[in-house]
$ cat work.cif   # mmCIF, C-alpha atoms
data_run
loop_
_atom_site.group_PDB
_atom_site.id
_atom_site.type_symbol
_atom_site.label_atom_id
_atom_site.label_comp_id
_atom_site.auth_asym_id
_atom_site.auth_seq_id
_atom_site.Cartn_x
_atom_site.Cartn_y
_atom_site.Cartn_z
ATOM 1 C CA MET A 7 113.127 -163.137 176.707
ATOM 2 C CA LEU A 8 111.880 -159.810 175.340
ATOM 3 C CA LYS A 9 108.302 -158.824 176.039
ATOM 4 C CA ARG A 10 106.133 -158.216 173.006
ATOM 5 C CA THR A 11 104.900 -154.968 174.516
ATOM 6 C CA MET A 12 108.388 -153.477 174.207
ATOM 7 C CA LYS A 13 108.408 -150.411 171.947
ATOM 8 C CA SER A 14 110.162 -151.047 168.648
ATOM 9 C CA PRO A 15 112.409 -148.395 167.120
ATOM 10 C CA SER A 16 110.863 -146.399 164.315
ATOM 11 C CA ILE A 17 112.233 -146.824 160.808
ATOM 12 C CA HIS A 18 112.329 -144.258 158.012
ATOM 13 C CA SER A 19 112.569 -144.092 154.263
ATOM 14 C CA SER A 20 112.521 -141.517 151.514
ATOM 15 C CA ASP A 21 109.754 -141.313 148.944
ATOM 16 C CA LEU A 22 112.097 -142.864 146.373
ATOM 17 C CA GLN A 23 112.874 -145.784 148.688
ATOM 18 C CA LYS A 24 109.137 -146.381 149.193
ATOM 19 C CA CYS A 25 108.577 -146.266 145.412
ATOM 20 C CA ILE A 26 111.308 -148.860 144.901
ATOM 21 C CA LEU A 27 109.828 -151.087 147.630
ATOM 22 C CA GLU A 28 106.388 -150.808 145.992
ATOM 23 C CA LYS A 29 107.914 -151.612 142.592
ATOM 24 C CA ILE A 30 109.650 -154.707 144.008
ATOM 25 C CA SER A 31 106.439 -155.841 145.715
ATOM 26 C CA ARG A 32 104.557 -155.738 142.367
ATOM 27 C CA GLN A 33 107.261 -157.019 140.001
ATOM 28 C CA THR A 34 106.705 -160.484 138.586
ATOM 29 C CA THR A 35 110.484 -160.908 138.359
ATOM 30 C CA SER A 36 110.939 -160.367 142.118
ATOM 31 C CA SER A 37 111.377 -163.453 144.254
ATOM 32 C CA ILE A 38 108.577 -164.473 146.599
ATOM 33 C CA ARG A 39 110.773 -163.527 149.550
ATOM 34 C CA GLU A 40 111.503 -160.075 148.121
ATOM 35 C CA VAL A 41 107.784 -159.460 147.542
ATOM 36 C CA GLU A 42 106.796 -160.582 151.043
ATOM 37 C CA ARG A 43 109.608 -158.682 152.736
ATOM 38 C CA SER A 44 109.040 -155.470 150.765
ATOM 39 C CA LYS A 45 105.324 -155.561 151.686
ATOM 40 C CA LEU A 46 106.217 -156.109 155.342
ATOM 41 C CA ILE A 47 108.681 -153.199 155.361
ATOM 42 C CA LEU A 48 106.086 -150.954 153.703
ATOM 43 C CA LEU A 49 103.707 -151.845 156.554
ATOM 44 C CA LEU A 50 106.427 -151.165 159.127
ATOM 45 C CA LEU A 51 107.079 -147.768 157.542
ATOM 46 C CA THR A 52 103.476 -146.738 158.281
ATOM 47 C CA GLY A 53 104.447 -146.627 161.964
ATOM 48 C CA LYS A 54 102.466 -149.676 163.054
ATOM 49 C CA SER A 55 103.872 -151.779 165.871
ATOM 50 C CA ASN A 56 105.078 -155.338 165.380
ATOM 51 C CA THR A 57 102.101 -156.591 167.398
ATOM 52 C CA ALA A 58 99.620 -154.608 165.271
ATOM 53 C CA ILE A 59 101.159 -156.025 162.097
ATOM 54 C CA GLU A 60 100.905 -159.542 163.537
ATOM 55 C CA ASP A 61 97.252 -159.020 164.506
ATOM 56 C CA GLU A 62 96.123 -157.226 161.333
ATOM 57 C CA TYR A 63 98.217 -158.757 158.546
ATOM 58 C CA GLY A 64 99.342 -162.186 159.733
ATOM 59 C CA PHE A 65 103.108 -161.583 159.730
ATOM 60 C CA SER A 66 104.593 -163.005 162.918
ATOM 61 C CA TRP A 67 105.760 -160.594 165.596
ATOM 62 C CA GLU A 68 109.279 -162.070 165.364
ATOM 63 C CA LYS A 69 109.417 -161.581 161.586
ATOM 64 C CA ALA A 70 108.218 -157.981 161.877
ATOM 65 C CA LYS A 71 110.869 -157.315 164.524
ATOM 66 C CA ARG A 72 113.631 -158.962 162.458
ATOM 67 C CA TRP A 73 112.846 -156.964 159.319
ATOM 68 C CA ARG A 74 112.381 -153.716 161.250
ATOM 69 C CA TYR A 75 115.952 -154.052 162.565
ATOM 70 C CA ARG A 76 117.259 -155.232 159.194
ATOM 71 C CA TRP A 77 115.852 -152.090 157.491
ATOM 72 C CA LYS A 78 117.221 -149.946 160.316
ATOM 73 C CA ASP A 79 120.702 -151.416 159.682
ATOM 74 C CA PHE A 80 120.520 -150.380 156.006
ATOM 75 C CA GLU A 81 118.968 -146.907 156.473
ATOM 76 C CA GLN A 82 122.265 -145.015 156.612
ATOM 77 C CA VAL A 83 123.752 -146.755 153.564
ATOM 78 C CA MET A 84 120.596 -146.137 151.508
ATOM 79 C CA THR A 85 120.528 -142.485 152.552
ATOM 80 C CA GLU A 86 124.190 -142.091 151.542
ATOM 81 C CA VAL A 87 123.499 -143.626 148.120
ATOM 82 C CA GLU A 88 120.506 -141.356 147.595
ATOM 83 C CA ASN A 89 122.330 -138.200 148.730
ATOM 84 C CA ARG A 90 125.564 -138.691 146.816
ATOM 85 C CA GLU A 91 126.680 -135.942 144.434
ATOM 86 C CA LYS A 92 126.822 -138.134 141.327
ATOM 87 C CA LYS A 93 123.145 -138.767 140.530
ATOM 88 C CA GLU A 94 123.789 -140.887 137.416
ATOM 89 C CA GLY A 95 122.916 -144.497 138.207
ATOM 90 C CA MET A 96 121.816 -143.555 141.727
ATOM 91 C CA GLU A 97 118.328 -145.054 141.440
ATOM 92 C CA TYR A 98 119.762 -148.349 140.162
ATOM 93 C CA ASP A 99 122.335 -148.443 142.993
ATOM 94 C CA LEU A 100 119.625 -147.639 145.542
ATOM 95 C CA GLU A 101 117.463 -150.485 144.239
ATOM 96 C CA GLN A 102 120.435 -152.849 144.524
ATOM 97 C CA GLU A 103 120.957 -151.787 148.171
ATOM 98 C CA ILE A 104 117.265 -152.319 148.905
ATOM 99 C CA ARG A 105 117.364 -155.768 147.288
ATOM 100 C CA LEU A 106 120.461 -156.561 149.354
ATOM 101 C CA CYS A 107 118.538 -155.531 152.468
ATOM 102 C CA LEU A 108 115.648 -157.807 151.427
ATOM 103 C CA SER A 109 117.939 -160.786 150.814
ATOM 104 C CA ASP A 110 118.903 -163.398 153.383
ATOM 105 C CA ALA A 111 121.664 -162.416 155.781
ATOM 106 C CA PRO A 112 124.952 -164.292 155.309
ATOM 107 C CA ARG A 113 125.083 -167.597 157.163
ATOM 108 C CA PRO A 114 127.787 -168.207 159.762
ATOM 109 C CA GLY A 115 130.620 -170.629 159.125
ATOM 110 C CA GLY A 116 134.047 -170.668 157.609
ATOM 111 C CA PRO A 117 134.877 -170.750 153.909
ATOM 112 C CA ASN A 118 135.135 -174.067 152.070
ATOM 113 C CA LYS A 119 138.552 -175.617 152.572
ATOM 114 C CA ILE A 120 138.114 -178.174 149.797
ATOM 115 C CA SER A 121 138.342 -176.938 146.214
ATOM 116 C CA ALA A 122 135.962 -177.933 143.442
ATOM 117 C CA GLU A 123 138.725 -180.056 141.888
ATOM 118 C CA GLN A 124 139.299 -181.944 145.142
ATOM 119 C CA TYR A 125 135.539 -182.422 145.522
ATOM 120 C CA CYS A 126 135.383 -183.970 142.022
ATOM 121 C CA GLN A 127 138.336 -186.243 142.823
ATOM 122 C CA ILE A 128 136.618 -187.424 146.010
ATOM 123 C CA LEU A 129 133.474 -188.246 144.050
ATOM 124 C CA GLY A 130 135.602 -190.004 141.439
ATOM 125 C CA VAL A 131 137.114 -192.279 144.087
ATOM 126 C CA ALA A 132 133.653 -192.978 145.522
ATOM 127 C CA LEU A 133 132.454 -194.130 142.079
ATOM 128 C CA GLU A 134 135.403 -196.486 141.556
ATOM 129 C CA ASP A 135 135.279 -200.147 142.431
ATOM 130 C CA PRO A 136 137.143 -200.515 145.769
ATOM 131 C CA LYS A 137 138.971 -203.592 144.418
ATOM 132 C CA LYS A 138 140.853 -201.313 141.966
ATOM 133 C CA SER A 139 142.439 -199.682 145.011
ATOM 134 C CA GLY A 140 143.451 -203.062 146.430
ATOM 135 C CA ARG A 141 140.679 -203.099 149.019
ATOM 136 C CA PRO A 142 139.046 -206.480 149.752
ATOM 137 C CA ILE A 143 135.516 -205.035 149.853
ATOM 138 C CA SER A 144 132.711 -204.848 147.307
ATOM 139 C CA HIS A 145 131.307 -201.431 148.398
ATOM 140 C CA TRP A 146 132.972 -198.405 149.960
ATOM 141 C CA THR A 147 132.412 -197.710 153.632
ATOM 142 C CA LEU A 148 132.960 -194.162 154.871
ATOM 143 C CA ASN A 149 136.019 -195.278 156.844
ATOM 144 C CA GLU A 150 137.590 -197.052 153.837
ATOM 145 C CA LEU A 151 136.769 -194.158 151.490
ATOM 146 C CA THR A 152 138.196 -191.562 153.887
ATOM 147 C CA ASP A 153 141.361 -193.621 154.248
ATOM 148 C CA GLU A 154 141.733 -193.961 150.448
ATOM 149 C CA ILE A 155 141.193 -190.220 149.856
ATOM 150 C CA GLN A 156 143.954 -189.388 152.326
ATOM 151 C CA LYS A 157 146.213 -192.178 150.999
ATOM 152 C CA ARG A 158 145.981 -190.719 147.481
ATOM 153 C CA GLY A 159 146.815 -187.242 148.800
ATOM 154 C CA ILE A 160 143.669 -185.611 147.450
ATOM 155 C CA VAL A 161 143.387 -183.708 150.747
ATOM 156 C CA SER A 162 145.750 -183.653 153.700
ATOM 157 C CA SER A 163 142.965 -184.375 156.173
ATOM 158 C CA ILE A 164 139.252 -185.005 155.940
ATOM 159 C CA SER A 165 136.816 -186.434 158.440
ATOM 160 C CA ARG A 166 134.516 -189.360 157.895
ATOM 161 C CA SER A 167 131.517 -187.047 158.405
ATOM 162 C CA GLN A 168 132.784 -184.605 155.735
ATOM 163 C CA VAL A 169 133.029 -187.441 153.224
ATOM 164 C CA GLY A 170 129.514 -188.545 154.150
ATOM 165 C CA SER A 171 128.266 -184.982 153.753
ATOM 166 C CA PHE A 172 129.785 -184.715 150.259
ATOM 167 C CA LEU A 173 128.188 -187.965 149.169
ATOM 168 C CA LYS A 174 124.761 -187.028 150.546
ATOM 169 C CA ARG A 175 124.899 -183.649 148.826
ATOM 170 C CA LYS A 176 125.813 -185.250 145.526
ATOM 171 C CA ARG A 177 123.135 -187.897 145.879
ATOM 172 C CA GLY A 178 120.514 -185.176 146.424
ATOM 173 C CA GLU A 179 121.709 -183.251 143.370
ATOM 174 C CA ALA A 180 121.784 -186.412 141.280
ATOM 175 C CA ALA A 181 118.211 -187.270 142.181
ATOM 176 C CA GLN A 182 117.073 -183.886 140.878
ATOM 177 C CA ASN A 183 119.172 -184.021 137.695
ATOM 178 C CA PRO A 184 117.459 -185.900 134.838
ATOM 179 C CA ARG A 185 120.801 -186.491 133.102
ATOM 180 C CA VAL A 186 121.906 -188.776 135.912
ATOM 181 C CA VAL A 187 120.664 -192.338 135.810
ATOM 182 C CA LYS A 188 121.281 -195.423 137.879
ATOM 183 C CA SER A 189 123.763 -197.852 136.398
ATOM 184 C CA LYS A 190 122.263 -201.344 136.051
ATOM 185 C CA MET A 191 125.639 -203.011 136.278
ATOM 186 C CA HIS A 192 126.961 -201.608 139.562
ATOM 187 C CA GLY A 193 123.953 -199.902 141.156
ATOM 188 C CA ARG A 194 125.889 -196.607 141.085
ATOM 189 C CA ARG A 195 124.789 -193.308 139.621
ATOM 190 C CA ILE A 196 126.531 -192.229 136.457
ATOM 191 C CA SER A 197 126.127 -189.212 134.222
ATOM 192 C CA THR A 198 124.588 -189.624 130.786
ATOM 193 C CA GLY A 199 125.880 -186.221 129.671
ATOM 194 C CA LYS A 200 128.536 -185.723 127.014
ATOM 195 C CA GLN A 201 131.330 -185.696 129.595
ATOM 196 C CA LYS A 202 134.323 -187.991 129.230
ATOM 197 C CA ASP A 203 134.595 -190.914 131.640
ATOM 198 C CA LEU A 204 136.975 -190.501 134.565
#
$ encode --input "work.cif" --output "structure tokens"
Amino acid sequence: MLKRTMKSPSIHSSDLQKCILEKISRQTTSSIREVERSKLILLLLTGKSNTAIEDEYGFSWEKAKRWRYRWKDFEQVMTEVENREKKEGMEYDLEQEIRLCLSDAPRPGGPNKISAEQYCQILGVALEDPKKSGRPISHWTLNELTDEIQKRGIVSSISRSQVGSFLKRKRGEAAQNPRVVKSKMHGRRISTGKQKDL
């Protein structure tokens, strides 16, 4: 584990970069994260240590360290944008790079292997009565549903946990969507929008 007394690398910015950070930190259209992160980077640019920022301003030492290194990773790209020959649109492009720096880093993991159409078909099967598929059950189990999805050829292979994950995600979205109501007849969620029935 790293000691907190370890000296952090210094970070740099141009006057224009600082102006853009200050603008983002005051804009009402900036996200809360952008505002907080731009303020933190402005503090880091004063030369204060991560520990001093933690003690004086309440940002955690770990957060100060993370955003110091994040800014350091973007310094060269921002300098290249600012120093390019074509100055037209440069300030806009620089602001976009700064906002990219302030955004969340990409999360690890592979791309989705199931298309939106396949996802909709899986949900369609889950909403059907299992008896229509010749299954002697009144409600789908994850095992039965997974078997039926593969039997119909919607996807070549899918795990029971993936099916469960899809259904949980949809249930969470449905609970937040006022156009989705609970069906009195089957206890299933159905859309009240102007969409055609499946």
$ closest_residue --input "work.cif" --among "A:Val131, A:Leu173, A:Ile17, A:Ala70" --to "Ile160 in chain A" --atoms "all atoms listed in the file"
A:Val131
$ residues_around --input "work.cif" --residues "Cys107 in chain A" --least-positions-apart "2" --cutoff "9 Å" --atoms "all atoms listed in the file" --output "PyMOL selection string"
chain A and resi 76-77+79-80+102-105+109-111
$ resolve_selection --input "work.cif" --expression "the PyMOL selection byres ((chain A and resi 16) around 10)" --output "NGL selection string"
:A and (13-15 or 17-18 or 50-55 or 74-75 or 78)
$ axis_aligned_box --input "work.cif" --around "range 54-62 of chain A" --padding-each-side "6 Å" --output "lines of an AutoDock Vina configuration file"
center_x = 100.6
center_y = -154.6
center_z = 164.4
size_x = 21.0
size_y = 21.9
size_z = 18.1
$ closest_residue --input "work.cif" --among "A:Ser66, A:Leu108, A:Ser31, A:Val161" --to "Ser121 in chain A" --atoms "all atoms listed in the file"
A:Val161
$ atom_distance --input "work.cif" --atom1 "CA of Arg39 in chain A" --atom2 "CA of Gln23 in chain A"
17.9 Å
$ atom_distance --input "work.cif" --atom1 "CA of Ile30 in chain A" --atom2 "CA of Gly64 in chain A"
20.2 Å
$ residues_around --input "work.cif" --residues "Ser144 in chain A" --least-positions-apart "2" --cutoff "12 Å" --atoms "all atoms listed in the file" --output "ChimeraX atom specification"
/A:133-142,146-147,150,192-193
$ atom_distance --input "work.cif" --atom1 "CA of Leu49 in chain A" --atom2 "CA of Val83 in chain A"
20.9 Å
$ closest_residue --input "work.cif" --among "A:Lys24, A:Leu151, A:Trp73, A:Cys126" --to "Glu42 in chain A" --atoms "only C-alpha atoms"
A:Trp73
$ resolve_selection --input "work.cif" --expression "the PyMOL selection byres ((chain A and resi 96-100) around 9)" --output "MDAnalysis selection string"
chainID A and resid 22:23 26 84:85 87:90 92:95 101:105
$ residues_around --input "work.cif" --residues "Ile164 in chain A" --least-positions-apart "5" --cutoff "9 Å" --atoms "all atoms listed in the file" --output "list of chain:residue names"
A:Thr152, A:Ile155, A:Gln156, A:Val169
$ decode --input "work.cif" --residues "range 80-129 of chain A" --atoms "C-alpha atoms" --output "CSV table (one decimal), in the first residue's frame"
chain,number,residue,atom,x,y,z
A,80,PHE,CA,-4.8,14.2,-20.5
A,81,GLU,CA,-2.2,17.0,-20.3
A,82,GLN,CA,-0.4,16.2,-23.5
A,83,VAL,CA,-3.7,15.8,-25.6
A,84,MET,CA,-5.0,19.2,-24.3
A,85,THR,CA,-1.7,20.9,-25.0
A,86,GLU,CA,-1.8,19.5,-28.6
A,87,VAL,CA,-5.3,20.7,-29.1
A,88,GLU,CA,-4.4,24.2,-27.8
A,89,ASN,CA,-1.2,24.4,-29.9
A,90,ARG,CA,-2.6,23.2,-33.2
A,91,GLU,CA,-2.2,25.5,-36.2
A,92,LYS,CA,-5.9,25.7,-37.0
A,93,LYS,CA,-7.3,27.9,-34.2
A,94,GLU,CA,-10.9,27.9,-35.5
A,95,GLY,CA,-13.0,25.8,-33.1
A,96,MET,CA,-9.9,25.1,-30.9
A,97,GLU,CA,-11.5,26.4,-27.7
A,98,TYR,CA,-14.6,24.3,-28.2
A,99,ASP,CA,-12.4,21.2,-28.9
A,100,LEU,CA,-10.3,21.9,-25.8
A,101,GLU,CA,-13.5,22.2,-23.7
A,102,GLN,CA,-14.6,18.8,-25.0
A,103,GLU,CA,-11.3,17.2,-24.1
A,104,ILE,CA,-11.5,18.7,-20.6
A,105,ARG,CA,-15.1,17.4,-20.2
A,106,LEU,CA,-13.9,14.0,-21.4
A,107,CYS,CA,-11.1,14.1,-18.7
A,108,LEU,CA,-13.8,15.0,-16.1
A,109,SER,CA,-16.1,12.2,-17.1
A,110,ASP,CA,-16.0,8.7,-15.7
A,111,ALA,CA,-13.3,6.4,-17.1
A,112,PRO,CA,-14.7,3.5,-19.3
A,113,ARG,CA,-15.7,0.4,-17.3
A,114,PRO,CA,-14.0,-2.9,-18.0
A,115,GLY,CA,-15.9,-5.7,-19.7
A,116,GLY,CA,-16.6,-7.0,-23.1
A,117,PRO,CA,-19.2,-5.6,-25.5
A,118,ASN,CA,-22.8,-6.8,-25.4
A,119,LYS,CA,-23.2,-10.0,-27.3
A,120,ILE,CA,-27.0,-9.9,-27.4
A,121,SER,CA,-28.6,-7.4,-29.7
A,122,ALA,CA,-31.5,-5.1,-28.8
A,123,GLU,CA,-33.8,-7.2,-31.0
A,124,GLN,CA,-32.8,-10.4,-29.2
A,125,TYR,CA,-33.2,-8.7,-25.8
A,126,CYS,CA,-36.8,-7.7,-26.8
A,127,GLN,CA,-37.6,-11.3,-27.9
A,128,ILE,CA,-36.3,-12.6,-24.6
A,129,LEU,CA,-38.6,-10.2,-22.7
